[in-house]
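Asks: What follows is a single structure, and I will ask about it in a moment.
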Amino acid sequence: MKLYTQLKDTIEKNLPDLAGAVFDFQPSPENQPGDFGLACFRFAKQLKTAPPKAAEMIAALEFPAIVEKVEQAGPYVNFTLDRSAFATSLVDNVMSEGGKFGSLNRGAGTPVLLEHTSINPNASPHIGRARNGLIGDSLARLLKFEGYDVDVHYYVNDMGKQIGLLALQTEGKGELSFDNVLEEYVAANERAKNDPAFEQKGFELLMKMEQGDPEVKKTFGGIVDICLAGQLEVLARLGLGYDRFDRESSFLSDPRMDEVMAMLKEKDALFTDEDGRTVVDLQKIGWKREEGRYIVLMRANGSSMYMYRDIAYTLEKIERAEGHNYIVLGEDHKMYFEQLALIVSALGKKPPEAIFYNYILLSEGKMSTRQGTVVLLSDFLDEVTSRAREKVTEQWPDMPAEEQAEIARMIGIGAVRFTILSVKPNKNVIFDWDEALSFTGDSGPYIQYSCTRIASILRKYTGSDSVEDIPRPEGAVTVTHDAEWSLLTRLALLELDVQTALDQPNIALLATSALDIARRFSAFYNACPVLNADSEDVKKSRIAICMAVRQALINLLGILGIEAPERM
RNA sequence: GGGCAAUUAGCUCAGCUGGAUAGAGCGUUGGCCUCCGGAGCCAAAGGCCGCGCGUUCGAAUCGCGCAUUGCCCA
């Protein structure tokens with residue numbers, strides 16, 4: 001924030017001993033005077049004095065006019081700002097930046113690549129799979145918000161054993177429909193468990209696929225297309241989209257791998273095991289542990305294994321990615337990815353930056369598509385949307401049904417996306433139906449609700465039916481209430497939140513920011529009448545504040561992939 | 001057996017690179033619409049921040065050990 005820089009400059013100019021020191025500015029706690037403070041522990045030594053003395057020295061300096069008062073409190077210095085001056089410049093800033101408020105445009109057009117979702121083509125995705133896609137999709141939105149040119153990739157694992165089993169299971173049953181895939185998939189796995197011959201046949205099909213048998217390739221392709229199309233339709237309901245689909249089968253053999261094999265051979269990391277398979281000994285290229293030391297690249301018959309194709313694919317992505325190269329992966333892929341990254345690094349290339357997330361668990365235990373014990377994303381969305389529909393119908397009985405449905409759709413998406421995104425990725429989430437279906441408190445709809453309240457005020461203020469393109473009231477923004485101040489200082493932090501969220505990266509942090517702003521807005525809304533304000537000046541200031549808050553929330557919700565309806 | 005991650009209020013989770021009295025929501029208890037949308041607001045109760053050592057002016061935050069849970073490897 002520019003304000004901090006100004007203060008820092010003032011301090012360094014007057015106390016040259018502190019050149020290069022780190023200043024920890026932070027909001028003042030409730031019980032302390034001032035708007036924010038500076039802790040003086042860290043640099044007191046540089047002034048050859050105790051922290052309270054250092055604070056005293058700093059408090060005695062002359063600061064720019066926006067600082068109204070400076071006082072020392074033990075080892076802290078507390079600054080009080082000219083609230084109206086600060087508010088005016090902040091609101092001006094928000095309104096002039098509009099949809100870009102909060103962005104520093106660090107990307108400046110740099111191309112980046114991001115792979116996410118990449119679900120195995122089988123049944124309708126469950127909510128655990130959605131976690132991958134939502135984290136990836138929101139990261140893509142965040143990167144775009146920061147000005148990066150994002151290319152979203154989806155890796156289609158179109159040659160797993162499961163597809164072979166599905167092919168056998170549905171043989172002669174005519175066209176497979178996506179609605180029965182889960183059923184057939186569970187049945188096929190059950191059958192494979194009890195019938196070794198059946199499983200063996202599936203395996204043989206896979207072998208043929210690996211060797212490029214055209215007939216099998218066609219069968220597999222047909223099944224994969226049906227599964228993928230069905231899965232993408234569900235994902236699209238949540239707002240997930242992709243720029244490019246890369247099929248595993250197109251990396252069956254790949255010229256890029258010549259270089260990899262040569263490198264491994266040169267490091268003496270390649271050998272043939274007793275089954276005739278081509279194996280890498282990762283310890284030869286720097287693997288530290290015994291676990292995961294060996295990885296198979298090719299079968300005895302010369303066909304490639306999953307890791308082989310994945311290395312080829314990763315190399316292709318590296319060629320395409322000019323800036324960052326991200327991948328979102330479940331926690332079960334941690335060691336696998338470490339192995340992959342090591343091989344890529346040994347080639348002298350930079351592996352993708354992986355973002356791991358932990359599983360969503362049900363209170364009864366874990367979800368398994370194979371066993372059919374899942375909460376399907378589509379069911380969850382249906383349920384949430386139908387509950388939202390009830391509320392909308394109750395609130396707006398005369399609204400056209402189509403419009404009601406559209407609003408309910410936005411709320412449903414808001415609820416689902418927020419529920420999953422608001423938890424840090426490296427934590428297991430316990431999924432609870434009641435909690436996930438709740439629209440009160442910490443939820444997406446709560447934030448959307450704040451936006452509709454603002455929209456409602458603005459409609460009444462302008463007398464117009466739409467709230468787009470309203471000019472901000474002229475003049476300075478005066479701050480007359482603590483609730484206004486608490487809201488505005490929070491808005492000013494948004495820029496920092498966006499940067500932190502991107503650097504970590506951590507989308508959940510932005511969900512919290514949005515919630516925090518919405519909560520402060522609600523407090524403001526309750527304490528400060530806008531349209532019925534005491535004076536015209538206060539009314540105009542509060543309208544301006546409302547507009548700034550709405551813009552900030554819309555920007556944050558946009559990153560989370562949530563729309564803000566004007567009515568709900 | 002080994003590796004990675006997690007552990008904060010009854011439950012579900014925040015707490016950003018160590019800083020002033022650890023915060024929300026749900027649930028519980030009590031208030032708030034003659035006033036901009038009650039999907040809301042205000043207040044109360046509720047904490048050995050898993051346990052133990054260590055690092056330092058200062059630890060929920062960093063390090064080590066242990067316990068528990070999730071995931072992975074042979």
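By convention in this document, the chains of the structure tokens carry letters A, B, ... by their order, each chain's residues are numbered from 1, and ligands are numbered from 1 in the order they are shown.
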Pull out every residue of chain B sitting within 9 Å of chain A, counting only C-alpha atoms (C1' of nucleotides), and send them as a ChimeraX atom specification.

Replies: /B:2-6,12-14,16,19-21,24-26,35-37,39-41,57,70-74

Asks: Could you save the residues just selected, with C-alpha atoms (C1' of nucleotides), as a PDB file, in the first residue's frame?

Replies:
ATOM      1  C1'   G B   2       9.244 -45.474   5.572  1.00  0.00           C
ATOM      2  C1'   G B   3       7.550 -40.655   3.227  1.00  0.00           C
ATOM      3  C1'   C B   4       4.040 -36.315   2.675  1.00  0.00           C
ATOM      4  C1'   A B   5       0.120 -33.536   4.971  1.00  0.00           C
ATOM      5  C1'   A B   6      -3.228 -32.334   8.939  1.00  0.00           C
ATOM      6  C1'   U B  12     -17.292 -27.140  10.506  1.00  0.00           C
ATOM      7  C1'   C B  13     -13.336 -23.927   9.529  1.00  0.00           C
ATOM      8  C1'   A B  14     -10.093 -18.853   9.322  1.00  0.00           C
ATOM      9  C1'   C B  16      -1.090 -14.233   5.324  1.00  0.00           C
ATOM     10  C1'   G B  19       4.135  -9.383  17.452  1.00  0.00           C
ATOM     11  C1'   A B  20      -0.681  -5.753  21.436  1.00  0.00           C
ATOM     12  C1'   U B  21      -6.562  -9.388  24.699  1.00  0.00           C
ATOM     13  C1'   A B  24     -15.911 -16.575  12.133  1.00  0.00           C
ATOM     14  C1'   G B  25     -20.190 -19.746  10.982  1.00  0.00           C
ATOM     15  C1'   C B  26     -23.467 -23.677  12.831  1.00  0.00           C
ATOM     16  C1'   C B  35     -36.860   2.929   9.134  1.00  0.00           C
ATOM     17  C1'   C B  36     -32.577   1.137   2.499  1.00  0.00           C
ATOM     18  C1'   G B  37     -34.249  -6.724   1.505  1.00  0.00           C
ATOM     19  C1'   A B  39     -30.500 -15.365   3.299  1.00  0.00           C
ATOM     20  C1'   G B  40     -29.526  -9.971   8.150  1.00  0.00           C
ATOM     21  C1'   C B  41     -27.669  -7.244  12.827  1.00  0.00           C
ATOM     22  C1'   C B  57      12.752  -9.846  23.811  1.00  0.00           C
ATOM     23  C1'   G B  70      -5.827 -38.826   5.871  1.00  0.00           C
ATOM     24  C1'   C B  71      -2.889 -40.161   1.584  1.00  0.00           C
ATOM     25  C1'   C B  72       1.117 -42.748  -0.655  1.00  0.00           C
ATOM     26  C1'   C B  73       5.473 -46.429  -1.256  1.00  0.00           C
ATOM     27  C1'   A B  74       7.266 -51.892  -0.988  1.00  0.00           C
TER      28        A B  74
END

Asks: Find the residues near range 45-50 of chain B: any atom within 8 Å, counting only C-alpha atoms (C1' of nucleotides), skip ones fewer than 3 places away on the same chain, and give them as a list in words.

Replies: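 Near range 45-50 of chain B, the qualifying residues are U7, U8, A9, A22, U29, A60, A67 and U68 of chain B.
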
Asks: At a cut-off of 7 Å, using only C-alpha atoms (C1' of nucleotides), what residues contact Asn132 in chain A? Leave out same-chain residues fewer than 6 positions from it and give the result as a ChimeraX atom specification.

Replies: /A:116-117,328-329

Asks: Restrict the selected residues to all heavy atoms and save them as an mmCIF file, in the first residue's frame.

Replies:
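The result, stored in part36.cif:
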data_model
loop_
_atom_site.group_PDB
_atom_site.id
_atom_site.type_symbol
_atom_site.label_atom_id
_atom_site.label_comp_id
_atom_site.auth_asym_id
_atom_site.auth_seq_id
_atom_site.Cartn_x
_atom_site.Cartn_y
_atom_site.Cartn_z
ATOM 1 N N HIS A 116 -5.755 -28.882 -14.870
ATOM 2 C CA HIS A 116 -6.534 -29.295 -13.706
ATOM 3 C C HIS A 116 -7.672 -30.218 -14.110
ATOM 4 O O HIS A 116 -7.875 -30.481 -15.296
ATOM 5 C CB HIS A 116 -7.043 -28.095 -12.912
ATOM 6 C CG HIS A 116 -8.077 -27.249 -13.569
ATOM 7 N ND1 HIS A 116 -9.386 -27.619 -13.677
ATOM 8 C CD2 HIS A 116 -7.990 -26.023 -14.138
ATOM 9 C CE1 HIS A 116 -10.075 -26.658 -14.277
ATOM 10 N NE2 HIS A 116 -9.245 -25.680 -14.589
ATOM 11 N N THR A 117 -8.366 -30.716 -13.098
ATOM 12 C CA THR A 117 -9.452 -31.689 -13.208
ATOM 13 C C THR A 117 -8.932 -33.045 -13.695
ATOM 14 O O THR A 117 -8.680 -33.903 -12.862
ATOM 15 C CB THR A 117 -10.595 -31.209 -14.121
ATOM 16 O OG1 THR A 117 -10.928 -29.857 -13.785
ATOM 17 C CG2 THR A 117 -11.825 -32.055 -13.903
ATOM 18 N N VAL A 328 -2.836 -29.138 -10.782
ATOM 19 C CA VAL A 328 -3.568 -29.396 -9.543
ATOM 20 C C VAL A 328 -3.712 -30.904 -9.392
ATOM 21 O O VAL A 328 -4.193 -31.576 -10.309
ATOM 22 C CB VAL A 328 -4.963 -28.740 -9.571
ATOM 23 C CG1 VAL A 328 -5.690 -28.964 -8.247
ATOM 24 C CG2 VAL A 328 -4.851 -27.253 -9.881
ATOM 25 N N LEU A 329 -3.277 -31.432 -8.256
ATOM 26 C CA LEU A 329 -3.278 -32.882 -8.042
ATOM 27 C C LEU A 329 -3.810 -33.251 -6.660
ATOM 28 O O LEU A 329 -3.643 -32.501 -5.700
ATOM 29 C CB LEU A 329 -1.851 -33.424 -8.151
ATOM 30 C CG LEU A 329 -1.160 -33.378 -9.510
ATOM 31 C CD1 LEU A 329 0.313 -33.717 -9.358
ATOM 32 C CD2 LEU A 329 -1.830 -34.342 -10.487
#

Asks: Interatomic distance between CA of Gly102 in chain A and CA of Thr5 in chain A?

Replies: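 Going from CA of Gly102 in chain A over to CA of Thr5 in chain A, I get 17.7 Å.
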
Asks: Return the single residue from A:Tyr313, A:Trp485, A:Tyr154, A:Phe101 that is closest to Ala552 in chain A, with distances computed using only C-alpha atoms.

Replies: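 Once distances to Ala552 in chain A are computed over only C-alpha atoms, the minimum belongs to A:Phe101.
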
Asks: Figure out the distance between CA of Glu563 in chain A and CA of Lys100 in chain A, please, to one decimal in Å.

Replies: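 CA of Glu563 in chain A lies 16.1 Å from CA of Lys100 in chain A.
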
Asks: Measuring atom to atom with only C-alpha atoms, identify which of A:Ile295, A:Leu437, A:Met547, A:Ile507 is nearest to Leu421 in chain A.

Replies: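 Closest residue, counting only C-alpha atoms: A:Ile507.
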
Asks: Just to confirm, what's the straight-line distance from CA of Leu297 in chain A to CA of Arg244 in chain A in Å (one decimal)?

Replies: 25.9 Å

Asks: From a backbone DSSP assignment, name each residue in range 267-357 of chain A labelled strand (DSSP E or B), as a VMD selection string.

Replies: chain A and resid 270 to 272 278 to 281 294 to 298 304 325 to 330 353 to 357

Asks: Restricting it to C-alpha atoms, dump the selection as a PDB file, in the first residue's frame.

Replies:
ATOM      1  CA  LEU A 270      18.045 -47.647 -16.378  1.00  0.00           C
ATOM      2  CA  PHE A 271      17.864 -51.418 -16.058  1.00  0.00           C
ATOM      3  CA  THR A 272      15.742 -54.383 -17.089  1.00  0.00           C
ATOM      4  CA  THR A 278      12.399 -51.281 -18.316  1.00  0.00           C
ATOM      5  CA  VAL A 279      12.842 -49.734 -14.891  1.00  0.00           C
ATOM      6  CA  VAL A 280      14.359 -46.486 -13.625  1.00  0.00           C
ATOM      7  CA  ASP A 281      16.428 -46.482 -10.458  1.00  0.00           C
ATOM      8  CA  TYR A 294      12.015 -47.745  -8.713  1.00  0.00           C
ATOM      9  CA  ILE A 295       9.580 -46.823 -11.416  1.00  0.00           C
ATOM     10  CA  VAL A 296       8.586 -48.883 -14.450  1.00  0.00           C
ATOM     11  CA  LEU A 297       8.588 -47.138 -17.819  1.00  0.00           C
ATOM     12  CA  MET A 298       8.000 -49.987 -20.263  1.00  0.00           C
ATOM     13  CA  SER A 304       4.865 -47.854 -22.544  1.00  0.00           C
ATOM     14  CA  ASN A 325       3.236 -24.133 -15.470  1.00  0.00           C
ATOM     15  CA  TYR A 326       0.781 -25.304 -12.818  1.00  0.00           C
ATOM     16  CA  ILE A 327      -0.896 -28.604 -12.121  1.00  0.00           C
ATOM     17  CA  VAL A 328      -3.568 -29.396  -9.543  1.00  0.00           C
ATOM     18  CA  LEU A 329      -3.278 -32.882  -8.042  1.00  0.00           C
ATOM     19  CA  GLY A 330      -4.876 -34.955  -5.290  1.00  0.00           C
ATOM     20  CA  GLU A 353       4.351 -26.243  -9.931  1.00  0.00           C
ATOM     21  CA  ALA A 354       1.995 -28.657  -8.209  1.00  0.00           C
ATOM     22  CA  ILE A 355      -0.906 -27.647  -6.009  1.00  0.00           C
ATOM     23  CA  PHE A 356      -2.063 -30.547  -3.887  1.00  0.00           C
ATOM     24  CA  TYR A 357      -5.418 -30.908  -2.231  1.00  0.00           C
TER      25      TYR A 357
END

Asks: Run DSSP on the backbone and tell me which residues of range 116-335 of chain A come out as alpha helix (DSSP H); list them as a PyMOL selection string.

Replies: chain A and resi 127-145+161-169+178-194+196-210+214-237+256-266+306-320+334-335

Asks: Please write the residues from the selection above to a file, keeping C-alpha atoms, as a short mmCIF file (atom, residue, chain, number, x, y, z; two decimals), in the first residue's frame.

Replies:
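Output below, filename part_20.cif:
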data_model
loop_
_atom_site.label_atom_id
_atom_site.label_comp_id
_atom_site.auth_asym_id
_atom_site.auth_seq_id
_atom_site.Cartn_x
_atom_site.Cartn_y
_atom_site.Cartn_z
CA ILE A 127 -17.73 -33.74 -5.12
CA GLY A 128 -14.19 -34.83 -4.26
CA ARG A 129 -13.19 -34.62 -7.92
CA ALA A 130 -14.81 -31.23 -8.09
CA ARG A 131 -12.30 -29.96 -5.56
CA ASN A 132 -9.54 -30.33 -8.11
CA GLY A 133 -11.47 -28.54 -10.82
CA LEU A 134 -12.64 -25.74 -8.58
CA ILE A 135 -9.20 -25.01 -7.22
CA GLY A 136 -7.78 -25.08 -10.74
CA ASP A 137 -10.57 -23.03 -12.26
CA SER A 138 -10.35 -20.35 -9.60
CA LEU A 139 -6.59 -20.23 -9.89
CA ALA A 140 -7.05 -19.70 -13.63
CA ARG A 141 -9.48 -16.87 -12.91
CA LEU A 142 -7.07 -15.35 -10.41
CA LEU A 143 -4.23 -15.52 -12.91
CA LYS A 144 -6.39 -13.85 -15.55
CA PHE A 145 -7.36 -11.19 -13.03
CA LYS A 161 -7.80 -50.71 -17.31
CA GLN A 162 -11.21 -49.42 -16.20
CA ILE A 163 -12.08 -48.53 -19.74
CA GLY A 164 -11.23 -52.04 -20.81
CA LEU A 165 -13.52 -53.41 -18.12
CA LEU A 166 -16.28 -51.03 -19.11
CA ALA A 167 -15.91 -52.12 -22.71
CA LEU A 168 -16.34 -55.78 -21.72
CA GLN A 169 -19.14 -55.04 -19.31
CA PHE A 178 -23.64 -41.67 -19.55
CA ASP A 179 -26.46 -42.12 -17.08
CA ASN A 180 -25.64 -45.82 -16.64
CA VAL A 181 -21.91 -45.48 -16.49
CA LEU A 182 -21.69 -45.41 -12.71
CA GLU A 183 -23.87 -48.52 -12.46
CA GLU A 184 -21.89 -50.37 -15.14
CA TYR A 185 -18.63 -49.23 -13.68
CA VAL A 186 -19.47 -50.52 -10.23
CA ALA A 187 -20.74 -53.77 -11.74
CA ALA A 188 -17.60 -54.20 -13.83
CA ASN A 189 -15.35 -53.72 -10.82
CA GLU A 190 -17.41 -56.13 -8.81
CA ARG A 191 -17.19 -58.70 -11.58
CA ALA A 192 -13.44 -58.24 -11.97
CA LYS A 193 -12.99 -58.87 -8.26
CA ASN A 194 -14.80 -62.21 -8.41
CA PRO A 196 -10.18 -63.46 -12.66
CA ALA A 197 -10.84 -64.41 -16.27
CA PHE A 198 -12.93 -61.29 -16.76
CA GLU A 199 -10.22 -59.14 -15.26
CA GLN A 200 -7.63 -60.85 -17.40
CA LYS A 201 -9.66 -60.07 -20.51
CA GLY A 202 -9.81 -56.43 -19.53
CA PHE A 203 -6.09 -56.44 -19.10
CA GLU A 204 -5.59 -57.98 -22.51
CA LEU A 205 -7.73 -55.31 -24.09
CA LEU A 206 -5.56 -52.70 -22.43
CA MET A 207 -2.44 -54.36 -23.81
CA LYS A 208 -3.86 -54.19 -27.30
CA MET A 209 -4.69 -50.56 -26.74
CA GLU A 210 -1.13 -49.89 -25.66
CA PRO A 214 -7.01 -49.90 -34.28
CA GLU A 215 -10.15 -51.88 -33.39
CA VAL A 216 -9.58 -51.59 -29.65
CA LYS A 217 -8.62 -47.97 -30.03
CA LYS A 218 -11.99 -47.32 -31.62
CA THR A 219 -13.86 -49.11 -28.83
CA PHE A 220 -11.93 -47.28 -26.13
CA GLY A 221 -12.36 -43.98 -27.92
CA GLY A 222 -16.12 -44.43 -28.11
CA ILE A 223 -16.44 -45.10 -24.40
CA VAL A 224 -14.09 -42.30 -23.48
CA ASP A 225 -16.00 -39.80 -25.60
CA ILE A 226 -19.30 -40.63 -23.93
CA CYS A 227 -17.79 -40.43 -20.45
CA LEU A 228 -15.86 -37.27 -21.11
CA ALA A 229 -18.80 -35.47 -22.68
CA GLY A 230 -21.03 -36.38 -19.75
CA GLN A 231 -18.43 -35.33 -17.20
CA LEU A 232 -17.75 -32.02 -18.92
CA GLU A 233 -21.44 -31.23 -18.97
CA VAL A 234 -21.63 -31.58 -15.20
CA LEU A 235 -18.43 -29.59 -14.70
CA ALA A 236 -19.72 -26.86 -17.01
CA ARG A 237 -22.73 -26.42 -14.76
CA ARG A 256 10.80 -36.43 -26.74
CA MET A 257 11.39 -39.62 -24.80
CA ASP A 258 14.56 -40.45 -26.73
CA GLU A 259 16.28 -37.68 -24.86
CA VAL A 260 14.91 -38.92 -21.54
CA MET A 261 16.01 -42.49 -22.13
CA ALA A 262 19.45 -41.35 -23.25
CA MET A 263 19.85 -39.23 -20.14
CA LEU A 264 18.78 -42.07 -17.84
CA LYS A 265 21.09 -44.49 -19.60
CA GLU A 266 23.96 -42.08 -19.32
CA TYR A 306 1.62 -44.61 -17.50
CA MET A 307 4.71 -42.82 -16.22
CA TYR A 308 6.36 -42.93 -19.61
CA ARG A 309 3.44 -41.19 -21.28
CA ASP A 310 3.10 -38.74 -18.45
CA ILE A 311 6.73 -37.68 -18.77
CA ALA A 312 6.20 -37.13 -22.49
CA TYR A 313 3.07 -35.10 -21.79
CA THR A 314 4.83 -33.07 -19.12
CA LEU A 315 7.65 -32.30 -21.52
CA GLU A 316 5.14 -31.12 -24.06
CA LYS A 317 3.54 -28.84 -21.51
CA ILE A 318 6.94 -27.44 -20.59
CA GLU A 319 7.52 -26.61 -24.24
CA ARG A 320 4.21 -24.78 -24.39
CA LYS A 334 2.32 -36.64 -4.10
CA MET A 335 5.00 -39.28 -4.38
#

Asks: I need the residue nearest Asn301 in chain A from this list: A:Gly147, A:Gly444, A:Gly276, A:Gly172. Use only C-alpha atoms for the distance.

Replies: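 Of A:Gly147, A:Gly444, A:Gly276, A:Gly172, the one nearest Asn301 in chain A is A:Gly276, counting only C-alpha atoms.
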
Asks: Just want the 12 Å neighbourhood of C53 in chain B, counted on only C-alpha atoms (C1' of nucleotides), with same-chain residues fewer than 5 positions away dropped. Output as a list in words.

Replies: G63, C64, G65 and C66 of chain B

Asks: From the list B:U17, B:G23, B:U28, B:A44, which residue is nearest C62 in chain B when using only C-alpha atoms (C1' of nucleotides)?

Replies: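 Of all the options, B:U17 lies closest to C62 in chain B.
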